[in-house]
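Source file: final.tsv (TSV, C-alpha atoms)
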chain	number	residue	atom	x	y	z
A	1	ASN	CA	74.90	-40.75	-138.14
A	2	ALA	CA	78.06	-38.76	-137.33
A	3	GLY	CA	76.88	-35.39	-138.72
A	4	VAL	CA	79.76	-33.17	-139.83
A	5	THR	CA	83.25	-34.52	-139.18
A	6	GLN	CA	86.29	-32.26	-139.35
A	7	THR	CA	89.93	-33.25	-139.11
A	8	PRO	CA	92.37	-32.40	-137.68
A	9	LYS	CA	91.23	-30.72	-134.46
A	10	PHE	CA	94.52	-28.88	-134.00
A	11	GLN	CA	97.33	-28.01	-136.39
A	12	VAL	CA	100.48	-25.93	-136.24
A	13	LEU	CA	102.10	-24.85	-139.50
A	14	LYS	CA	105.10	-22.84	-140.47
A	15	THR	CA	104.69	-19.90	-142.83
A	16	GLY	CA	104.64	-21.13	-146.40
A	17	GLN	CA	103.53	-24.67	-145.66
A	18	SER	CA	100.41	-26.07	-147.27
A	19	MET	CA	97.78	-28.31	-145.77
A	20	THR	CA	94.26	-29.61	-146.25
A	21	LEU	CA	91.48	-29.44	-143.68
A	22	GLN	CA	89.11	-32.33	-144.18
A	23	CYS	CA	85.34	-32.13	-143.86
A	24	ALA	CA	82.79	-34.88	-144.38
A	25	GLN	CA	79.05	-35.09	-143.74
A	26	ASP	CA	76.76	-38.10	-143.82
A	27	MET	CA	73.41	-36.29	-144.01
A	28	ASN	CA	73.28	-36.02	-147.81
A	29	HIS	CA	73.22	-32.23	-147.61
A	30	GLU	CA	73.85	-30.39	-150.84
A	31	TYR	CA	75.05	-27.11	-149.32
A	32	MET	CA	78.38	-27.06	-147.49
A	33	SER	CA	80.57	-24.21	-146.36
A	34	TRP	CA	83.79	-23.25	-144.63
A	35	TYR	CA	83.99	-20.45	-142.07
A	36	ARG	CA	86.75	-18.92	-140.04
A	37	GLN	CA	86.23	-17.53	-136.57
A	38	ASP	CA	88.49	-14.82	-135.20
A	39	PRO	CA	88.32	-13.01	-131.85
A	40	GLY	CA	85.91	-10.07	-131.87
A	41	MET	CA	84.50	-10.97	-135.27
A	42	GLY	CA	81.56	-13.01	-136.37
A	43	LEU	CA	82.02	-16.16	-138.36
A	44	ARG	CA	83.11	-15.29	-141.87
A	45	LEU	CA	82.42	-17.37	-144.95
A	46	ILE	CA	85.48	-18.55	-146.87
A	47	HIS	CA	84.01	-20.78	-149.60
A	48	TYR	CA	80.80	-22.63	-150.11
A	49	SER	CA	79.34	-25.30	-152.37
A	50	VAL	CA	75.74	-25.87	-153.44
A	51	GLY	CA	76.43	-29.38	-154.68
A	52	ALA	CA	79.04	-31.74	-156.06
A	53	GLY	CA	81.16	-30.02	-158.69
A	54	ILE	CA	79.99	-26.51	-157.75
A	55	THR	CA	81.92	-24.15	-155.50
A	56	ASP	CA	81.95	-20.41	-155.00
A	57	GLN	CA	83.78	-17.79	-153.00
A	58	GLY	CA	82.54	-16.29	-149.80
A	59	GLU	CA	83.61	-13.17	-147.97
A	60	VAL	CA	87.27	-14.07	-147.31
A	61	PRO	CA	88.45	-16.57	-149.98
A	62	ASN	CA	92.03	-15.40	-150.57
A	63	GLY	CA	94.67	-17.99	-149.74
A	64	TYR	CA	92.19	-20.88	-149.72
A	65	ASN	CA	91.04	-23.40	-152.30
A	66	VAL	CA	88.16	-25.85	-152.19
A	67	SER	CA	86.77	-28.65	-154.31
A	68	ARG	CA	83.61	-30.75	-154.10
A	69	SER	CA	84.02	-34.04	-155.93
A	70	THR	CA	81.34	-35.82	-153.87
A	71	THR	CA	78.29	-34.75	-151.88
A	72	GLU	CA	79.93	-35.98	-148.68
A	73	ASP	CA	83.36	-34.30	-148.78
A	74	PHE	CA	84.39	-30.66	-148.90
A	75	PRO	CA	88.11	-30.18	-148.16
A	76	LEU	CA	89.69	-26.78	-147.62
A	77	ARG	CA	93.26	-26.25	-148.84
A	78	LEU	CA	95.66	-23.65	-147.56
A	79	LEU	CA	98.07	-23.09	-150.42
A	80	SER	CA	100.88	-21.24	-148.61
A	81	ALA	CA	100.05	-20.63	-144.97
A	82	ALA	CA	100.45	-17.15	-143.53
A	83	PRO	CA	100.21	-15.96	-139.91
A	84	SER	CA	97.00	-14.10	-140.86
A	85	GLN	CA	95.40	-17.50	-141.39
A	86	THR	CA	95.75	-18.38	-137.72
A	87	SER	CA	92.15	-18.95	-136.76
A	88	VAL	CA	89.53	-21.50	-135.85
A	89	TYR	CA	87.95	-23.08	-138.92
A	90	PHE	CA	84.48	-24.56	-139.05
A	91	CYS	CA	82.93	-26.65	-141.74
A	92	ALA	CA	79.15	-26.70	-141.96
A	93	SER	CA	76.42	-28.34	-143.98
A	94	ARG	CA	72.91	-27.02	-144.39
A	95	GLY	CA	69.81	-29.04	-143.68
A	96	GLU	CA	66.54	-28.98	-145.58
A	97	LEU	CA	65.02	-26.52	-143.12
A	98	GLY	CA	67.93	-24.13	-143.68
A	99	GLY	CA	69.82	-24.52	-140.43
A	100	GLU	CA	73.58	-24.99	-140.39
A	101	TYR	CA	75.16	-28.10	-138.88
A	102	PHE	CA	78.72	-27.37	-137.76
A	103	GLY	CA	81.75	-29.56	-137.37
A	104	ALA	CA	83.77	-29.46	-134.15
A	105	GLY	CA	86.28	-26.98	-135.57
A	106	THR	CA	89.99	-26.95	-136.38
A	107	ARG	CA	92.27	-24.69	-134.38
A	108	LEU	CA	95.09	-23.63	-136.71
A	109	SER	CA	98.23	-21.73	-135.75
A	110	VAL	CA	100.64	-20.45	-138.38
A	111	LEU	CA	104.04	-19.49	-137.05
B	1	LYS	CA	79.12	-1.57	-139.73
B	2	ASN	CA	78.18	-5.18	-139.18
B	3	GLU	CA	74.82	-6.10	-140.67
B	4	VAL	CA	74.03	-8.11	-137.55
B	5	GLU	CA	74.39	-6.53	-134.13
B	6	GLN	CA	74.01	-8.37	-130.85
B	7	SER	CA	73.56	-6.99	-127.37
B	8	PRO	CA	74.83	-7.23	-124.81
B	9	GLN	CA	78.33	-8.39	-125.75
B	10	ASN	CA	78.85	-9.89	-122.31
B	11	LEU	CA	76.32	-10.91	-119.70
B	12	THR	CA	76.70	-12.30	-116.20
B	13	ALA	CA	73.67	-13.65	-114.39
B	14	GLN	CA	72.86	-15.48	-111.17
B	15	GLU	CA	71.49	-18.97	-111.46
B	16	GLY	CA	67.73	-18.87	-111.86
B	17	GLU	CA	67.56	-15.47	-113.53
B	18	PHE	CA	65.61	-14.77	-116.71
B	19	ILE	CA	67.99	-13.83	-119.51
B	20	THR	CA	67.41	-11.94	-122.74
B	21	ILE	CA	69.88	-11.63	-125.60
B	22	ASN	CA	69.05	-9.31	-128.47
B	23	CYS	CA	69.84	-9.38	-132.17
B	24	SER	CA	69.19	-6.55	-134.63
B	25	TYR	CA	69.84	-6.65	-138.33
B	26	SER	CA	69.76	-4.12	-141.12
B	27	VAL	CA	68.91	-6.17	-144.22
B	28	GLY	CA	65.92	-8.05	-145.46
B	29	ILE	CA	66.11	-11.65	-144.37
B	30	SER	CA	64.42	-14.94	-145.10
B	31	ALA	CA	65.39	-16.59	-141.81
B	32	LEU	CA	67.30	-16.06	-138.58
B	33	HIS	CA	69.42	-18.62	-136.78
B	34	TRP	CA	70.35	-18.77	-133.09
B	35	LEU	CA	73.45	-20.80	-132.27
B	36	GLN	CA	75.25	-21.80	-129.08
B	37	GLN	CA	79.00	-22.23	-128.66
B	38	HIS	CA	80.50	-23.58	-125.46
B	39	PRO	CA	84.08	-22.56	-124.53
B	40	GLY	CA	86.51	-24.44	-126.72
B	41	GLY	CA	83.61	-26.28	-128.24
B	42	GLY	CA	81.69	-26.64	-131.40
B	43	ILE	CA	78.67	-24.68	-132.56
B	44	VAL	CA	75.19	-26.03	-132.06
B	45	SER	CA	71.99	-24.86	-133.70
B	46	LEU	CA	69.30	-23.77	-131.26
B	47	PHE	CA	66.59	-22.26	-133.44
B	48	MET	CA	65.87	-21.39	-137.02
B	49	LEU	CA	62.93	-19.02	-137.40
B	50	SER	CA	61.39	-16.71	-139.94
B	51	SER	CA	58.41	-15.42	-137.98
B	52	GLY	CA	56.78	-15.48	-134.57
B	53	LYS	CA	58.15	-17.50	-131.72
B	54	LYS	CA	59.71	-20.89	-131.02
B	55	LYS	CA	60.25	-22.66	-127.71
B	56	HIS	CA	62.49	-25.54	-126.76
B	57	GLY	CA	62.73	-26.41	-123.10
B	58	ARG	CA	63.88	-23.30	-121.23
B	59	LEU	CA	64.81	-21.47	-124.42
B	60	ILE	CA	62.46	-19.16	-126.31
B	61	ALA	CA	63.27	-17.29	-129.51
B	62	THR	CA	61.15	-14.53	-130.99
B	63	ILE	CA	61.45	-12.50	-134.14
B	64	ASN	CA	59.82	-9.27	-135.31
B	65	ILE	CA	60.39	-8.99	-139.05
B	66	GLN	CA	59.03	-5.42	-139.28
B	67	GLU	CA	61.38	-4.17	-136.56
B	68	LYS	CA	64.29	-6.34	-137.81
B	69	HIS	CA	64.85	-7.69	-134.32
B	70	SER	CA	65.04	-11.05	-132.59
B	71	SER	CA	65.43	-12.04	-128.97
B	72	LEU	CA	66.63	-15.20	-127.30
B	73	HIS	CA	65.29	-15.78	-123.81
B	74	ILE	CA	66.51	-18.29	-121.25
B	75	THR	CA	64.22	-18.99	-118.32
B	76	ALA	CA	65.54	-20.31	-114.98
B	77	SER	CA	69.13	-19.98	-116.12
B	78	HIS	CA	71.68	-22.58	-115.08
B	79	PRO	CA	75.51	-22.60	-115.05
B	80	ARG	CA	75.45	-25.07	-117.94
B	81	ASP	CA	73.85	-22.32	-120.06
B	82	SER	CA	77.19	-20.47	-119.90
B	83	ALA	CA	78.25	-20.16	-123.52
B	84	VAL	CA	78.48	-17.74	-126.42
B	85	TYR	CA	75.17	-17.23	-128.21
B	86	ILE	CA	75.39	-16.28	-131.85
B	87	CYS	CA	72.75	-14.77	-134.09
B	88	ALA	CA	72.96	-15.28	-137.86
B	89	VAL	CA	70.70	-14.04	-140.63
B	90	LEU	CA	70.01	-15.52	-144.02
B	91	ARG	CA	69.47	-12.72	-146.47
B	92	GLY	CA	66.30	-12.60	-148.51
B	93	THR	CA	68.45	-12.88	-151.63
B	94	GLY	CA	71.40	-15.23	-151.82
B	95	ASN	CA	72.15	-18.18	-149.60
B	96	GLN	CA	74.83	-16.96	-147.22
B	97	PHE	CA	74.49	-16.46	-143.49
B	98	TYR	CA	75.78	-13.29	-141.86
B	99	PHE	CA	76.82	-13.64	-138.26
B	100	GLY	CA	76.81	-11.42	-135.21
B	101	THR	CA	79.88	-11.38	-133.00
B	102	GLY	CA	78.11	-13.26	-130.23
B	103	THR	CA	76.97	-12.67	-126.66
B	104	SER	CA	79.09	-14.29	-123.99
B	105	LEU	CA	76.88	-15.49	-121.13
B	106	THR	CA	78.16	-16.57	-117.74
B	107	VAL	CA	75.70	-17.98	-115.22
B	108	ILE	CA	77.02	-18.02	-111.66
B	109	PRO	CA	75.76	-20.66	-109.20
Reformat the file's structure so that it appears as structure tokens.
Amino acid sequence: NAGVTQTPKFQVLKTGQSMTLQCAQDMNHEYMSWYRQDPGMGLRLIHYSVGAGITDQGEVPNGYNVSRSTTEDFPLRLLSAAPSQTSVYFCASRGELGGEYFGAGTRLSVL
Amino acid sequence: KNEVEQSPQNLTAQEGEFITINCSYSVGISALHWLQQHPGGGIVSLFMLSSGKKKHGRLIATINIQEKHSSLHITASHPRDSAVYICAVLRGTGNQFYFGTGTSLTVIP
């Protein structure tokens, strides 16, 4: 049981490049989410999904796309990277008791 | 103004001290989550509570729904407790967590 697996751990992009952050969970959780963490700010919700085929926007969705074709996978796509998207990204899934299980994080730099 | 406020922002303690971290929130909630994040590391769930008190080892979390306040206590603190502690609330309506900015704890040997 690996929990929530995020890849890659580190990534450097140039402005305008696109990329996909991968997230997979093996706990059969319906609810999954993507957060970004910036210095001096709390974790902020980018997008979330309450089940396969269902996604919705969080607090800071602009510049990001998500899809949920299976219960296990919830990738986050950066369409055209900007320096403002430099951040640490966390994927999470929510257990039956309501607590969030977080991945190890992806540290992204956009130059 | 952030809906979730934590205090203190930074805390330095000597090994063995009793530590309290506070979390206040301004909205109605269905649950509150305490999380731990080690430097450069991932985020780990410590407690999820909606009333009363929970204990796990040297960690104790309490919540007072009427006062919209929760505390995380660490007894007999140890350098390995050095981390950022994050409070998050799940609103009574909706299913999104709202996070505090964290309390950075350093325990000195």
Using only C-alpha atoms, select each residue of chain A with any atom at most 10 Å away from an atom of chain B, and give the selection as a list in words.
Tyr31, Ser33, Gln37, Asp38, Pro39, Gly40, Met41, Gly42, Leu43, Arg44, Leu45, Tyr48, Val50, Gly58, Glu59, Phe90, Ala92, Leu97, Gly98, Gly99, Glu100, Tyr101, Phe102, Gly103, Ala104, Gly105, Thr106 and Arg107 of chain A
May I ask for the distance between CA of Ile19 in chain B and CA of Thr75 in chain B, given in Å to one decimal place?
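The value is 6.5 Å.
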Using all atoms listed in the file, which residues sit within 7 Å of range 67-70 of chain B once same-chain residues fewer than 5 positions away are excluded, as a ChimeraX atom specification?
/B:22-26,62
Skipping near chain neighbours, those fewer than 6 positions away, what residues fall within 6 Å of range 7-22 of chain A using only C-alpha atoms, listed as JSON, numbers by chain?
{"A": [75, 76, 77, 78, 79, 80, 81, 82, 106, 107, 108, 109, 110, 111]}
Next, write the just-selected residues to a file, as a compact mmCIF listing (two decimals), keeping the file's coordinate frame, keeping C-alpha atoms as the atom set.
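Output file result39.txt follows:
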# COMPACT_ATOMS: atom_id res chain seq x y z
CA PRO A 75 88.11 -30.18 -148.16
CA LEU A 76 89.69 -26.78 -147.62
CA ARG A 77 93.26 -26.25 -148.84
CA LEU A 78 95.66 -23.65 -147.56
CA LEU A 79 98.07 -23.09 -150.42
CA SER A 80 100.88 -21.24 -148.61
CA ALA A 81 100.05 -20.63 -144.97
CA ALA A 82 100.45 -17.15 -143.53
CA THR A 106 89.99 -26.95 -136.38
CA ARG A 107 92.27 -24.69 -134.38
CA LEU A 108 95.09 -23.63 -136.71
CA SER A 109 98.23 -21.73 -135.75
CA VAL A 110 100.64 -20.45 -138.38
CA LEU A 111 104.04 -19.49 -137.05
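The residues that lie within 8 Å of the point (81.2, -26.4, -154.5), counting only C-alpha atoms, are A:Met32, A:His47, A:Tyr48, A:Ser49, A:Val50, A:Gly51, A:Ala52, A:Gly53, A:Ile54, A:Thr55, A:Asp56, A:Val66, A:Ser67, A:Arg68, A:Phe74.
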What is the CA of His78 in chain B to CA of Glu15 in chain B distance in Å?
5.1 Å
What does the distance between CA of Ser71 in chain B and CA of Tyr89 in chain A come to in Å, to one decimal place?
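Answer for the CA of Ser71 in chain B to CA of Tyr89 in chain A separation: 27.0 Å.
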Hey, what's within 7 Å of Gln25 in chain A if we count all atoms listed in the file and toss same-chain stuff fewer than 5 positions away? As a PyMOL selection string, please?
chain A and resi 3-5+72-73
Emit the selected residues as an mmCIF file, in the coordinates of the input, including C-alpha atoms.
data_model
loop_
_atom_site.group_PDB
_atom_site.id
_atom_site.type_symbol
_atom_site.label_atom_id
_atom_site.label_comp_id
_atom_site.auth_asym_id
_atom_site.auth_seq_id
_atom_site.Cartn_x
_atom_site.Cartn_y
_atom_site.Cartn_z
ATOM 1 C CA GLY A 3 76.880 -35.390 -138.720
ATOM 2 C CA VAL A 4 79.760 -33.170 -139.830
ATOM 3 C CA THR A 5 83.250 -34.520 -139.180
ATOM 4 C CA GLU A 72 79.930 -35.980 -148.680
ATOM 5 C CA ASP A 73 83.360 -34.300 -148.780
#
Could you check which of B:Arg58, B:Arg91, B:Lys53, B:His73 is closest to Leu105 in chain B, using all atoms listed in the file?
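Residue with the minimum atom-to-atom distance to Leu105 in chain B: B:His73.
In terms of minimum interatomic distance to Ala83 in chain B, B:Leu11 ranks closest within B:Leu59, B:Ile29, B:Ile65, B:Leu11, counting only C-alpha atoms.
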